[in-house]
Amino acid sequence: MSAIYQHVGIPLTTKKEGMIYWENLKCWSNKSVDEYDYKIEYLKFEEGSCIPEVLHKHPHVAYLVDDMEKYLKDADEVIFEPMEIAPNFRIAFVVKDDTYIELDENTAPKE
């Protein structure tokens with residue numbers, strides 16, 4: 001397995017200036033995790049968001065993975081099934097060792 005650290009996701013109760021809206025997820029996030037030295041993704045969830053409620057209150061750590069299926073099988077629990085949120089990019093959320101983890105996968109054909 002190969003996992004590359006992406007960011008820490010921190011839920012907020014109020015929006016920060018400059019956040020962008022993800023219509024399909026009903027949440028706001030900063031434009032880039034690279035805006036902050038610590039690679040932080042700030043998130044403000046709207047009512048009706050498909051992201052599990054537990055992640056509206058607890059941070060998560062995100063990894064880019066080469067094969068999401070391996071990580072889904074290895075998880076203690078899958079709390080958000082894989083969803084394509086942008087062309088050739090999908091996410092899922094799992095629990096592993098009592099930690100909330102976001103799995104990110106680029107699904108574009110490899111050349």
# chains A, B, ... in the order shown; residues from 1 in each chain; ligands from 1
>>> residues_around(residues="range 45-51 of chain A", least_positions_apart="6", cutoff="12 Å", atoms="only C-alpha atoms", output="ChimeraX atom specification")
/A:9-15,19-29,57-58,79-83,85,91-94,102
>>> select_by_dssp(residues="range 8-87 of chain A", states="helix (DSSP H, G or I)", output="VMD selection string")
chain A and resid 33 to 35 53 to 56 68 to 74
>>> select_by_dssp(residues="chain A", states="strand (DSSP E)", output="VMD selection string")
chain A and resid 3 to 11 20 to 22 27 to 29 40 to 45 60 to 65 77 to 86 89 to 96 99 to 106
>>> atom_distance(atom1="CA of Tyr100 in chain A", atom2="CA of Val61 in chain A")
6.6 Å
>>> atom_distance(atom1="CA of Val65 in chain A", atom2="CA of Lys110 in chain A")
13.9 Å
>>> closest_residue(among="A:Glu17, A:His56, A:Asn88, A:Val8", to="Ile40 in chain A", atoms="only C-alpha atoms")
A:Val8
>>> closest_residue(among="A:Pro52, A:Val95, A:Ala62, A:His7", to="Tyr36 in chain A", atoms="only C-alpha atoms")
A:His7
